[in-house]
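entry10.cif, holding mmCIF, C-alpha atoms:
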data_query
#
loop_
_atom_site.group_PDB
_atom_site.id
_atom_site.type_symbol
_atom_site.label_atom_id
_atom_site.label_comp_id
_atom_site.auth_asym_id
_atom_site.auth_seq_id
_atom_site.Cartn_x
_atom_site.Cartn_y
_atom_site.Cartn_z
ATOM 1 C CA MET A 1 9.855 -20.413 26.604
ATOM 2 C CA SER A 2 8.598 -18.970 23.311
ATOM 3 C CA LEU A 3 9.515 -15.639 21.773
ATOM 4 C CA VAL A 4 6.507 -13.558 20.770
ATOM 5 C CA SER A 5 6.930 -10.688 18.283
ATOM 6 C CA ILE A 6 4.322 -7.946 18.017
ATOM 7 C CA VAL A 7 4.532 -5.924 14.797
ATOM 8 C CA VAL A 8 3.107 -2.397 14.813
ATOM 9 C CA PRO A 9 3.034 -0.307 11.590
ATOM 10 C CA VAL A 10 3.340 3.352 12.559
ATOM 11 C CA TYR A 11 2.220 6.322 10.479
ATOM 12 C CA HIS A 12 1.501 9.597 12.287
ATOM 13 C CA ASN A 13 0.736 7.796 15.566
ATOM 14 C CA ALA A 14 2.918 9.816 17.954
ATOM 15 C CA LYS A 15 -0.006 10.523 20.285
ATOM 16 C CA SER A 16 -1.109 6.911 20.753
ATOM 17 C CA LEU A 17 2.316 5.218 20.939
ATOM 18 C CA PRO A 18 3.032 5.805 24.681
ATOM 19 C CA GLU A 19 -0.267 4.239 25.765
ATOM 20 C CA LEU A 20 0.170 1.395 23.279
ATOM 21 C CA ALA A 21 3.642 0.677 24.684
ATOM 22 C CA GLU A 22 2.232 0.590 28.227
ATOM 23 C CA ARG A 23 -0.479 -1.868 27.247
ATOM 24 C CA LEU A 24 1.984 -4.077 25.377
ATOM 25 C CA ALA A 25 4.246 -4.113 28.439
ATOM 26 C CA ALA A 26 1.270 -5.122 30.588
ATOM 27 C CA LEU A 27 0.477 -7.888 28.088
ATOM 28 C CA ALA A 28 4.045 -9.193 28.377
ATOM 29 C CA GLU A 29 3.803 -9.107 32.174
ATOM 30 C CA ARG A 30 0.602 -11.138 31.978
ATOM 31 C CA ASN A 31 2.400 -13.750 29.847
ATOM 32 C CA ARG A 32 5.575 -14.116 31.887
ATOM 33 C CA GLY A 33 6.255 -17.581 30.510
ATOM 34 C CA ASP A 34 7.120 -16.058 27.129
ATOM 35 C CA ALA A 35 9.702 -13.522 25.965
ATOM 36 C CA PHE A 36 8.464 -10.551 23.938
ATOM 37 C CA GLU A 37 9.762 -8.094 21.367
ATOM 38 C CA PHE A 38 7.829 -5.101 20.051
ATOM 39 C CA VAL A 39 8.692 -4.330 16.425
ATOM 40 C CA PHE A 40 7.575 -0.816 15.469
ATOM 41 C CA VAL A 41 7.807 0.053 11.767
ATOM 42 C CA ASP A 42 7.889 3.802 11.129
ATOM 43 C CA ASP A 43 6.323 4.083 7.672
ATOM 44 C CA GLY A 44 7.715 7.501 6.764
ATOM 45 C CA SER A 45 5.852 9.448 9.451
ATOM 46 C CA ARG A 46 6.223 13.219 9.274
ATOM 47 C CA ASP A 47 5.121 13.855 12.855
ATOM 48 C CA ASP A 48 7.057 13.025 16.055
ATOM 49 C CA SER A 49 6.466 9.255 15.821
ATOM 50 C CA PHE A 50 10.134 8.352 15.345
ATOM 51 C CA GLU A 51 11.239 10.525 18.265
ATOM 52 C CA VAL A 52 8.587 8.915 20.477
ATOM 53 C CA LEU A 53 9.756 5.459 19.402
ATOM 54 C CA GLN A 54 13.342 6.360 20.313
ATOM 55 C CA ARG A 55 12.173 7.357 23.801
ATOM 56 C CA LEU A 56 10.298 4.071 24.127
ATOM 57 C CA LEU A 57 13.443 2.183 23.095
ATOM 58 C CA ALA A 58 15.424 3.939 25.830
ATOM 59 C CA GLU A 59 12.793 2.847 28.378
ATOM 60 C CA ASP A 60 12.247 -0.751 27.219
ATOM 61 C CA GLU A 61 14.909 -3.030 25.749
ATOM 62 C CA ARG A 62 12.205 -5.142 24.099
ATOM 63 C CA VAL A 63 11.424 -2.343 21.633
ATOM 64 C CA ARG A 64 12.729 -2.723 18.100
ATOM 65 C CA ILE A 65 12.465 0.074 15.510
ATOM 66 C CA VAL A 66 12.488 -0.247 11.727
ATOM 67 C CA LYS A 67 12.444 3.160 10.045
ATOM 68 C CA LEU A 68 11.466 3.117 6.373
ATOM 69 C CA SER A 69 12.901 5.739 4.018
ATOM 70 C CA ARG A 70 9.453 7.051 3.072
ATOM 71 C CA ASN A 71 5.774 6.149 3.285
ATOM 72 C CA PHE A 72 5.291 2.835 1.478
ATOM 73 C CA GLY A 73 1.811 2.029 2.797
ATOM 74 C CA SER A 74 0.285 -0.164 5.473
ATOM 75 C CA THR A 75 0.859 -3.527 3.769
ATOM 76 C CA PRO A 76 4.598 -3.011 3.002
ATOM 77 C CA ALA A 77 5.069 -1.726 6.567
ATOM 78 C CA ILE A 78 3.469 -4.865 8.005
ATOM 79 C CA ILE A 79 5.579 -7.082 5.746
ATOM 80 C CA ALA A 80 8.705 -5.145 6.774
ATOM 81 C CA GLY A 81 7.789 -5.884 10.387
ATOM 82 C CA LEU A 82 7.256 -9.573 9.628
ATOM 83 C CA HIS A 83 10.739 -9.702 8.076
ATOM 84 C CA ALA A 84 12.228 -8.060 11.157
ATOM 85 C CA ALA A 85 10.351 -10.211 13.679
ATOM 86 C CA SER A 86 12.228 -13.124 15.251
ATOM 87 C CA GLY A 87 9.375 -14.647 17.248
ATOM 88 C CA ASP A 88 7.985 -18.168 17.270
ATOM 89 C CA ALA A 89 4.616 -16.412 17.070
ATOM 90 C CA VAL A 90 4.160 -13.065 15.323
ATOM 91 C CA ALA A 91 1.189 -10.745 15.842
ATOM 92 C CA ALA A 92 0.371 -7.583 13.909
ATOM 93 C CA ILE A 93 -1.783 -4.773 15.288
ATOM 94 C CA ALA A 94 -2.480 -1.164 14.288
ATOM 95 C CA ALA A 95 -1.013 1.650 16.370
ATOM 96 C CA ASP A 96 -4.231 3.658 16.743
ATOM 97 C CA LEU A 97 -5.609 1.515 19.628
ATOM 98 C CA GLN A 98 -8.914 0.818 17.913
ATOM 99 C CA ASP A 99 -7.927 -2.840 18.291
ATOM 100 C CA SER A 100 -7.301 -4.021 21.851
ATOM 101 C CA PRO A 101 -3.735 -5.290 22.466
ATOM 102 C CA GLU A 102 -5.104 -7.352 25.370
ATOM 103 C CA LEU A 103 -6.750 -9.686 22.850
ATOM 104 C CA ILE A 104 -3.272 -10.976 21.956
ATOM 105 C CA HIS A 105 -3.368 -12.932 25.249
ATOM 106 C CA ASP A 106 -6.289 -15.015 23.935
ATOM 107 C CA MET A 107 -4.682 -15.295 20.502
ATOM 108 C CA LEU A 108 -1.525 -16.718 22.096
ATOM 109 C CA ALA A 109 -3.608 -19.258 24.013
ATOM 110 C CA ARG A 110 -5.144 -20.464 20.716
ATOM 111 C CA TRP A 111 -1.680 -20.565 19.118
ATOM 112 C CA ARG A 112 -0.388 -22.761 21.943
ATOM 113 C CA GLU A 113 -3.265 -25.137 21.227
ATOM 114 C CA GLY A 114 -1.754 -25.727 17.777
ATOM 115 C CA ASN A 115 -3.504 -23.112 15.618
ATOM 116 C CA LYS A 116 -1.002 -21.573 13.195
ATOM 117 C CA VAL A 117 -3.220 -18.662 12.151
ATOM 118 C CA VAL A 118 -5.430 -16.763 14.595
ATOM 119 C CA LEU A 119 -7.545 -13.888 13.277
ATOM 120 C CA ALA A 120 -9.194 -11.190 15.378
ATOM 121 C CA VAL A 121 -12.438 -10.834 13.431
ATOM 122 C CA ARG A 122 -14.588 -7.735 13.702
ATOM 123 C CA THR A 123 -18.241 -8.371 14.582
ATOM 124 C CA GLY A 124 -18.924 -4.635 14.747
ATOM 125 C CA ARG A 125 -17.102 -1.332 14.564
ATOM 126 C CA ASP A 126 -17.548 2.196 15.941
ATOM 127 C CA ASP A 127 -16.232 3.964 12.847
ATOM 128 C CA PRO A 128 -18.054 6.853 11.130
ATOM 129 C CA GLY A 129 -21.060 5.827 9.029
ATOM 130 C CA LEU A 130 -19.459 6.241 5.590
ATOM 131 C CA THR A 131 -16.273 4.428 6.639
ATOM 132 C CA ALA A 132 -18.255 1.505 8.061
ATOM 133 C CA LEU A 133 -20.442 1.353 4.940
ATOM 134 C CA LEU A 134 -17.494 1.330 2.520
ATOM 135 C CA SER A 135 -15.689 -1.271 4.626
ATOM 136 C CA SER A 136 -18.743 -3.527 4.701
ATOM 137 C CA LEU A 137 -19.162 -3.221 0.937
ATOM 138 C CA PHE A 138 -15.487 -4.025 0.348
ATOM 139 C CA TYR A 139 -15.584 -7.211 2.412
ATOM 140 C CA LYS A 140 -18.842 -8.367 0.810
ATOM 141 C CA LEU A 141 -17.356 -7.933 -2.661
ATOM 142 C CA PHE A 142 -14.082 -9.563 -1.621
ATOM 143 C CA ARG A 143 -15.924 -12.584 -0.175
ATOM 144 C CA ARG A 144 -18.079 -12.892 -3.274
ATOM 145 C CA PHE A 145 -15.483 -12.399 -5.996
ATOM 146 C CA ALA A 146 -12.045 -13.115 -4.478
ATOM 147 C CA ILE A 147 -11.632 -15.251 -1.338
ATOM 148 C CA ALA A 148 -14.816 -16.733 0.097
ATOM 149 C CA SER A 149 -13.191 -17.455 3.472
ATOM 150 C CA MET A 150 -12.770 -13.739 4.252
ATOM 151 C CA PRO A 151 -14.726 -13.089 7.493
ATOM 152 C CA PRO A 152 -17.824 -10.916 6.900
ATOM 153 C CA GLY A 153 -16.459 -8.115 9.075
ATOM 154 C CA GLY A 154 -12.899 -8.494 7.798
ATOM 155 C CA PHE A 155 -9.731 -8.370 9.874
ATOM 156 C CA ASP A 156 -6.514 -6.363 10.160
ATOM 157 C CA PHE A 157 -5.351 -7.832 13.472
ATOM 158 C CA PHE A 158 -3.800 -11.302 13.447
ATOM 159 C CA LEU A 159 -1.285 -13.716 14.929
ATOM 160 C CA VAL A 160 0.608 -16.299 12.883
ATOM 161 C CA ASP A 161 3.072 -19.059 13.569
ATOM 162 C CA ARG A 162 6.727 -18.711 12.514
ATOM 163 C CA GLN A 163 6.125 -21.100 9.586
ATOM 164 C CA VAL A 164 3.316 -18.908 8.234
ATOM 165 C CA CYS A 165 5.338 -15.727 8.816
ATOM 166 C CA ASN A 166 8.217 -17.161 6.785
ATOM 167 C CA LEU A 167 5.859 -18.117 3.959
ATOM 168 C CA ILE A 168 4.373 -14.609 3.789
ATOM 169 C CA CYS A 169 7.862 -13.091 3.680
ATOM 170 C CA SER A 170 8.993 -15.499 0.947
ATOM 171 C CA ILE A 171 6.194 -14.592 -1.474
ATOM 172 C CA GLY A 172 7.613 -11.155 -2.238
ATOM 173 C CA GLU A 173 4.644 -9.739 -4.175
ATOM 174 C CA THR A 174 4.391 -5.995 -4.615
ATOM 175 C CA ASN A 175 1.066 -4.141 -4.323
ATOM 176 C CA THR A 176 -0.408 -7.125 -2.540
ATOM 177 C CA TYR A 177 -2.922 -7.528 0.291
ATOM 178 C CA VAL A 178 -1.396 -9.229 3.313
ATOM 179 C CA MET A 179 -4.769 -10.286 4.783
ATOM 180 C CA GLY A 180 -5.588 -11.982 1.497
ATOM 181 C CA LEU A 181 -2.194 -13.732 1.553
ATOM 182 C CA ILE A 182 -2.909 -15.120 5.016
ATOM 183 C CA LEU A 183 -6.246 -16.568 3.886
ATOM 184 C CA TRP A 184 -4.777 -17.826 0.592
ATOM 185 C CA LEU A 185 -2.109 -19.790 2.472
ATOM 186 C CA GLY A 186 -4.763 -21.790 4.287
ATOM 187 C CA PHE A 187 -3.812 -23.443 7.621
ATOM 188 C CA GLN A 188 -7.463 -23.350 8.782
ATOM 189 C CA PRO A 189 -7.475 -19.910 10.456
ATOM 190 C CA LEU A 190 -9.129 -19.710 13.862
ATOM 191 C CA GLN A 191 -11.384 -16.686 14.285
ATOM 192 C CA LEU A 192 -11.710 -14.719 17.519
ATOM 193 C CA PRO A 193 -14.639 -12.270 17.388
ATOM 194 C CA TYR A 194 -14.337 -8.779 18.878
ATOM 195 C CA HIS A 195 -15.907 -5.340 18.544
ATOM 196 C CA ARG A 196 -13.630 -2.667 17.130
ATOM 197 C CA GLY A 197 -13.638 0.520 19.143
ATOM 198 C CA PRO A 198 -13.690 4.116 17.883
ATOM 199 C CA ARG A 199 -10.622 6.149 17.040
ATOM 200 C CA LEU A 200 -10.352 8.552 19.941
ATOM 201 C CA ALA A 201 -9.920 12.225 19.103
ATOM 202 C CA ARG A 202 -6.878 12.560 21.370
ATOM 203 C CA TYR A 203 -4.955 10.207 19.053
ATOM 204 C CA GLY A 204 -5.433 12.464 16.033
ATOM 205 C CA ARG A 205 -7.233 11.835 12.780
ATOM 206 C CA SER A 206 -6.915 8.781 10.577
ATOM 207 C CA MET A 207 -4.517 9.030 7.629
ATOM 208 C CA TRP A 208 -6.681 6.683 5.542
ATOM 209 C CA ASN A 209 -7.987 9.133 2.946
ATOM 210 C CA LEU A 210 -10.085 8.269 -0.107
ATOM 211 C CA SER A 211 -7.142 7.746 -2.471
ATOM 212 C CA ARG A 212 -5.474 5.301 -0.041
ATOM 213 C CA ARG A 213 -8.710 3.365 0.379
ATOM 214 C CA LEU A 214 -9.206 3.214 -3.391
ATOM 215 C CA LYS A 215 -5.678 1.869 -3.973
ATOM 216 C CA TYR A 216 -6.167 -0.659 -1.165
ATOM 217 C CA PHE A 217 -9.421 -1.794 -2.808
ATOM 218 C CA ILE A 218 -7.849 -2.155 -6.261
ATOM 219 C CA ASP A 219 -4.719 -3.902 -4.976
ATOM 220 C CA SER A 220 -6.822 -6.423 -3.075
ATOM 221 C CA PHE A 221 -8.939 -7.394 -6.051
ATOM 222 C CA VAL A 222 -6.145 -7.408 -8.612
ATOM 223 C CA ALA A 223 -4.022 -9.610 -6.328
ATOM 224 C CA PHE A 224 -6.673 -12.250 -5.644
ATOM 225 C CA SER A 225 -9.466 -12.056 -8.201
ATOM 226 C CA TYR A 226 -9.856 -12.422 -11.955
ATOM 227 C CA PHE A 227 -13.381 -10.990 -11.682
ATOM 228 C CA PRO A 228 -12.528 -7.506 -13.070
ATOM 229 C CA VAL A 229 -10.957 -9.081 -16.170
ATOM 230 C CA ARG A 230 -13.967 -11.395 -16.489
ATOM 231 C CA ILE A 231 -16.260 -8.344 -16.323
ATOM 232 C CA ALA A 232 -14.272 -6.758 -19.147
ATOM 233 C CA SER A 233 -14.621 -9.915 -21.257
ATOM 234 C CA VAL A 234 -18.358 -10.173 -20.617
ATOM 235 C CA LEU A 235 -18.950 -6.495 -21.434
ATOM 236 C CA GLY A 236 -16.982 -6.851 -24.651
ATOM 237 C CA LEU A 237 -18.951 -9.960 -25.610
ATOM 238 C CA VAL A 238 -22.327 -8.401 -24.793
ATOM 239 C CA LEU A 239 -21.576 -5.208 -26.720
ATOM 240 C CA SER A 240 -20.305 -7.178 -29.710
ATOM 241 C CA LEU A 241 -23.436 -9.322 -29.686
ATOM 242 C CA LEU A 242 -25.736 -6.295 -29.391
ATOM 243 C CA GLY A 243 -23.860 -4.533 -32.181
ATOM 244 C CA PHE A 244 -24.131 -7.575 -34.430
ATOM 245 C CA LEU A 245 -27.870 -7.967 -33.741
ATOM 246 C CA TYR A 246 -28.466 -4.268 -34.338
ATOM 247 C CA ALA A 247 -26.556 -4.460 -37.625
ATOM 248 C CA LEU A 248 -28.719 -7.416 -38.732
ATOM 249 C CA LEU A 249 -31.862 -5.484 -37.772
ATOM 250 C CA VAL A 250 -30.819 -2.394 -39.760
ATOM 251 C CA ILE A 251 -29.878 -4.483 -42.811
ATOM 252 C CA GLY A 252 -33.145 -6.434 -42.623
ATOM 253 C CA LEU A 253 -35.252 -3.280 -42.354
ATOM 254 C CA ARG A 254 -33.292 -1.682 -45.188
ATOM 255 C CA ILE A 255 -33.944 -4.643 -47.488
ATOM 256 C CA THR A 256 -37.611 -5.246 -46.581
ATOM 257 C CA GLU A 257 -38.929 -1.751 -45.915
ATOM 258 C CA GLY A 258 -36.317 0.603 -47.295
ATOM 259 C CA TYR A 259 -35.628 1.861 -43.749
ATOM 260 C CA GLN A 260 -33.070 4.684 -43.584
ATOM 261 C CA PRO A 261 -31.517 4.910 -40.097
ATOM 262 C CA GLU A 262 -31.311 8.373 -38.648
ATOM 263 C CA GLY A 263 -27.845 9.769 -38.544
ATOM 264 C CA TRP A 264 -25.943 11.939 -36.130
ATOM 265 C CA ALA A 265 -27.763 11.496 -32.777
ATOM 266 C CA SER A 266 -28.043 7.698 -32.857
ATOM 267 C CA LEU A 267 -24.498 7.361 -34.166
ATOM 268 C CA MET A 268 -23.076 9.563 -31.421
ATOM 269 C CA VAL A 269 -24.912 7.594 -28.719
ATOM 270 C CA VAL A 270 -23.456 4.316 -30.003
ATOM 271 C CA VAL A 271 -19.941 5.768 -30.334
ATOM 272 C CA LEU A 272 -19.970 7.321 -26.853
ATOM 273 C CA VAL A 273 -21.295 4.191 -25.131
ATOM 274 C CA VAL A 274 -18.944 1.820 -26.925
ATOM 275 C CA SER A 275 -15.948 4.131 -26.455
ATOM 276 C CA GLY A 276 -16.701 4.503 -22.757
ATOM 277 C CA VAL A 277 -16.876 0.739 -22.289
ATOM 278 C CA GLN A 278 -13.650 0.286 -24.255
ATOM 279 C CA LEU A 279 -11.844 2.808 -22.038
ATOM 280 C CA PHE A 280 -13.233 1.093 -18.945
ATOM 281 C CA ILE A 281 -11.952 -2.279 -20.158
ATOM 282 C CA MET A 282 -8.572 -0.777 -21.030
ATOM 283 C CA GLY A 283 -8.379 0.672 -17.530
ATOM 284 C CA ILE A 284 -9.011 -2.735 -15.949
ATOM 285 C CA LEU A 285 -6.387 -4.380 -18.130
ATOM 286 C CA GLY A 286 -4.019 -1.518 -17.369
ATOM 287 C CA GLU A 287 -4.302 -2.135 -13.612
ATOM 288 C CA TYR A 288 -3.241 -5.758 -14.102
ATOM 289 C CA LEU A 289 -0.506 -4.907 -16.584
ATOM 290 C CA TRP A 290 0.940 -2.155 -14.395
ATOM 291 C CA ARG A 291 1.190 -4.520 -11.439
ATOM 292 C CA THR A 292 2.794 -7.168 -13.647
ATOM 293 C CA LEU A 293 5.354 -4.565 -14.749
ATOM 294 C CA ASP A 294 5.942 -3.602 -11.121
ATOM 295 C CA VAL A 295 6.756 -7.215 -10.252
ATOM 296 C CA ALA A 296 8.996 -7.576 -13.330
ATOM 297 C CA ARG A 297 11.047 -4.549 -12.228
ATOM 298 C CA ARG A 298 11.936 -6.439 -9.032
ATOM 299 C CA ARG A 299 11.942 -3.300 -6.930
ATOM 300 C CA PRO A 300 11.937 -3.987 -3.183
ATOM 301 C CA GLN A 301 8.656 -3.677 -1.319
ATOM 302 C CA PHE A 302 10.215 -1.236 1.118
ATOM 303 C CA ILE A 303 13.474 0.590 1.842
ATOM 304 C CA VAL A 304 14.860 0.410 5.369
ATOM 305 C CA GLU A 305 16.608 3.640 6.342
ATOM 306 C CA ARG A 306 17.546 2.695 9.901
ATOM 307 C CA THR A 307 17.060 -0.053 12.451
ATOM 308 C CA LEU A 308 17.360 0.440 16.212
ATOM 309 C CA GLY A 309 17.278 -2.105 19.021
ATOM 310 C CA PHE A 310 18.492 -5.002 16.861
ATOM 311 C CA GLY A 311 21.750 -6.895 17.207
ATOM 312 C CA ALA A 312 24.032 -7.291 14.184
ATOM 313 C CA ALA A 313 22.510 -10.603 13.040
ATOM 314 C CA GLU A 314 18.976 -9.371 13.707
ATOM 315 C CA ARG A 315 19.663 -6.160 11.765
ATOM 316 C CA GLU A 316 20.525 -8.170 8.652
ATOM 317 C CA ALA A 317 17.309 -10.175 8.976
ATOM 318 C CA ALA A 318 15.302 -6.998 9.524
ATOM 319 C CA THR A 319 16.223 -5.686 6.069
ATOM 320 C CA ALA A 320 15.990 -8.991 4.195
ATOM 321 C CA GLY A 321 12.710 -8.323 2.436
ATOM 322 C CA GLY A 322 13.518 -4.831 1.248
ATOM 323 C CA ARG A 323 16.696 -2.862 0.762
ATOM 324 C CA SER A 324 18.766 -1.190 3.434
ATOM 325 C CA VAL A 325 20.177 2.283 2.985
ATOM 326 C CA LYS A 326 23.940 2.181 3.570
ATOM 327 C CA GLY A 327 24.862 3.198 7.046
ATOM 328 C CA SER A 328 21.682 1.990 8.742
#
How does the structure come out when it is put into structure tokens?
Amino acid sequence: MSLVSIVVPVYHNAKSLPELAERLAALAERNRGDAFEFVFVDDGSRDDSFEVLQRLLAEDERVRIVKLSRNFGSTPAIIAGLHAASGDAVAAIAADLQDSPELIHDMLARWREGNKVVLAVRTGRDDPGLTALLSSLFYKLFRRFAIASMPPGGFDFFLVDRQVCNLICSIGETNTYVMGLILWLGFQPLQLPYHRGPRLARYGRSMWNLSRRLKYFIDSFVAFSYFPVRIASVLGLVLSLLGFLYALLVIGLRITEGYQPEGWASLMVVVLVVSGVQLFIMGILGEYLWRTLDVARRRPQFIVERTLGFGAAEREAATAGGRSVKGS
């Protein structure tokens, strides 16, 4: 018998949690040959999510709860769940039910065949037009400039073997991209295609606003691509070359024809363009330097405020990747 852990990051998902718990219980019933644990990570929710999770724990002894001290973001919440999970196989799925928990049955079948990484890959999605467009653009850029093995439709739903789970937890990067880490590790991921459903109105609105998406985008590229720095180098080289050629042209015209370059307007155009590019390059370098500083500080990726449903030994493991608040 294998132990299967299902990690669920939770952030303002009080309305969808009861149905998700029912479907996870049905999944466990369908796979009676395995034992299950459901690891819910409350990522600083300000709604009733934690209270709902406590009710679920009272109803099902397989529920485990990791409550973080504040909102750290989706990736730290997933990694906190991976640290807390004890399973031989560990799956991660969002709490909003856009991804079907029933697909984990097929993912487990592929894992039993010897595949250490199984990805649920989106072939389509019923998200709003702008969200789908931005997501498609992100994955195209990530495939082109970071990790070529990223599926065209991307993935957020996966199952990994215990060995892979341990490797992800041991890396300890801050501001990273867990899906990129999975692909970077290798292990020949098996892809299972599926169509991602819509977010139903009865589950509330998505908390993924523009600022969160922008940070997610930047973190992903900074963690796995040198392309932004290469762009900065190329822009600097091109501008230097153009400036040098323009200087030669002005000097040549001055010597041969007595040309007197016009003053304020042309000078201001050059200064504004060059200054703008310099600030852009400094911003790119700053993103890399800030993340390097963040790693050097050695701050934990997450802070665990409380754990519920774990035994004493499991509780210690659940807080291993972050820091536990005394008394949890």
Evaluate the PyMOL selection byres ((chain A and resi 8-11) around 8) here and jot the selected residues down as an mmCIF file with C-alpha atoms, keeping the file's coordinate frame.
data_model
loop_
_atom_site.group_PDB
_atom_site.id
_atom_site.type_symbol
_atom_site.label_atom_id
_atom_site.label_comp_id
_atom_site.auth_asym_id
_atom_site.auth_seq_id
_atom_site.Cartn_x
_atom_site.Cartn_y
_atom_site.Cartn_z
ATOM 1 C CA ILE A 6 4.322 -7.946 18.017
ATOM 2 C CA VAL A 7 4.532 -5.924 14.797
ATOM 3 C CA HIS A 12 1.501 9.597 12.287
ATOM 4 C CA ASN A 13 0.736 7.796 15.566
ATOM 5 C CA PHE A 38 7.829 -5.101 20.051
ATOM 6 C CA VAL A 39 8.692 -4.330 16.425
ATOM 7 C CA PHE A 40 7.575 -0.816 15.469
ATOM 8 C CA VAL A 41 7.807 0.053 11.767
ATOM 9 C CA ASP A 42 7.889 3.802 11.129
ATOM 10 C CA ASP A 43 6.323 4.083 7.672
ATOM 11 C CA GLY A 44 7.715 7.501 6.764
ATOM 12 C CA SER A 45 5.852 9.448 9.451
ATOM 13 C CA SER A 49 6.466 9.255 15.821
ATOM 14 C CA SER A 74 0.285 -0.164 5.473
ATOM 15 C CA ALA A 77 5.069 -1.726 6.567
ATOM 16 C CA ILE A 78 3.469 -4.865 8.005
ATOM 17 C CA GLY A 81 7.789 -5.884 10.387
ATOM 18 C CA ALA A 92 0.371 -7.583 13.909
ATOM 19 C CA ILE A 93 -1.783 -4.773 15.288
ATOM 20 C CA ALA A 94 -2.480 -1.164 14.288
ATOM 21 C CA ALA A 95 -1.013 1.650 16.370
ATOM 22 C CA MET A 207 -4.517 9.030 7.629
#
Considering only C-alpha atoms, can you say which of A:Leu235, A:Val118, A:Ala223, A:Val63 comes closest to A:Gly276?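 Closest residue, counting only C-alpha atoms: A:Leu235.
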Could you write out as number ranges by chain the residues that the PyMOL selection byres ((chain A and resi 89) around 12) matches in the shown file? A: 1-7, 34-37, 82, 85-88, 90-92, 104-105, 107-112, 114-118, 158-166
Apply the PyMOL selection byres ((chain A and resi 76) around 10) to the displayed file and report the matching residues as a list in words. Pro9, Val41, Asp43, Leu68, Asn71, Phe72, Gly73, Ser74, Thr75, Ala77, Ile78, Ile79, Ala80, Gly81, Leu82, Glu173, Thr174, Asn175, Thr176, Tyr177, Val178, Pro300, Gln301, Phe302, Ile303, Gly321 and Gly322 of chain A
Would you mind telling me which residue in A:Leu20, A:Leu167, A:Leu119, A:Met150 lies nearest to A:Phe138 when using only C-alpha atoms?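 So, comparing all the options, the nearest one is A:Met150.
Atom CA of A:Phe217 lies 16.7 Å from atom CA of A:Leu289.
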Residue neighbourhood A:Leu183, 8 Å, only C-alpha atoms, exclusion window fewer than 3 positions, as an MDAnalysis selection string: chainID A and resid 147 149:150 179:180 186 189
Need the neighbours of (-12.6, -13.1, 14.8): which residues are at most 9 Å away, counting only C-alpha atoms, as a PyMOL selection string? chain A and resi 118-123+151+153-155+190-194
Tell me, in Å to one decimal, how far atom CA of A:Ile182 is from atom CA of A:Thr292.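 Pair atom CA of A:Ile182 / atom CA of A:Thr292 returns 21.1 Å.
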With all atoms listed in the file as the basis for distance, which of A:Leu53, A:Leu285, A:Ala25, A:Ala84 is at the shortest distance from A:Ile231?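 Under the stated criterion, the closest residue is A:Leu285.
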Exercise: A:Val229 partners within 10 Å, only C-alpha atoms, chain neighbours under 4 positions left out, as a ChimeraX atom specification: /A:222,225,233-235,281-282,284-285,287-288
Distance of atom CA of A:Asp96 from atom CA of A:Leu56, expressed in Å to one decimal place: 16.3 Å
Which residue gives the smallest distance to A:Ala232 among A:Ile168, A:Ile65, A:Val277, A:Leu17, with all atoms listed in the file counted? A:Val277
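Across A:Leu97, A:Leu308, A:Leu245, A:Val274, the tightest approach to A:Gly197 is made by A:Leu97 when counting only C-alpha atoms.
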Kindly compute an axis-aligned box around the listed atoms of stretch 157-175 of chain A, allowing 4 Å on each side, and express its centre and edge lengths in Å to one decimal as lines of an AutoDock Vina configuration file.
center_x = 1.8
center_y = -12.6
center_z = 5.2
size_x = 22.3
size_y = 25.0
size_z = 27.5
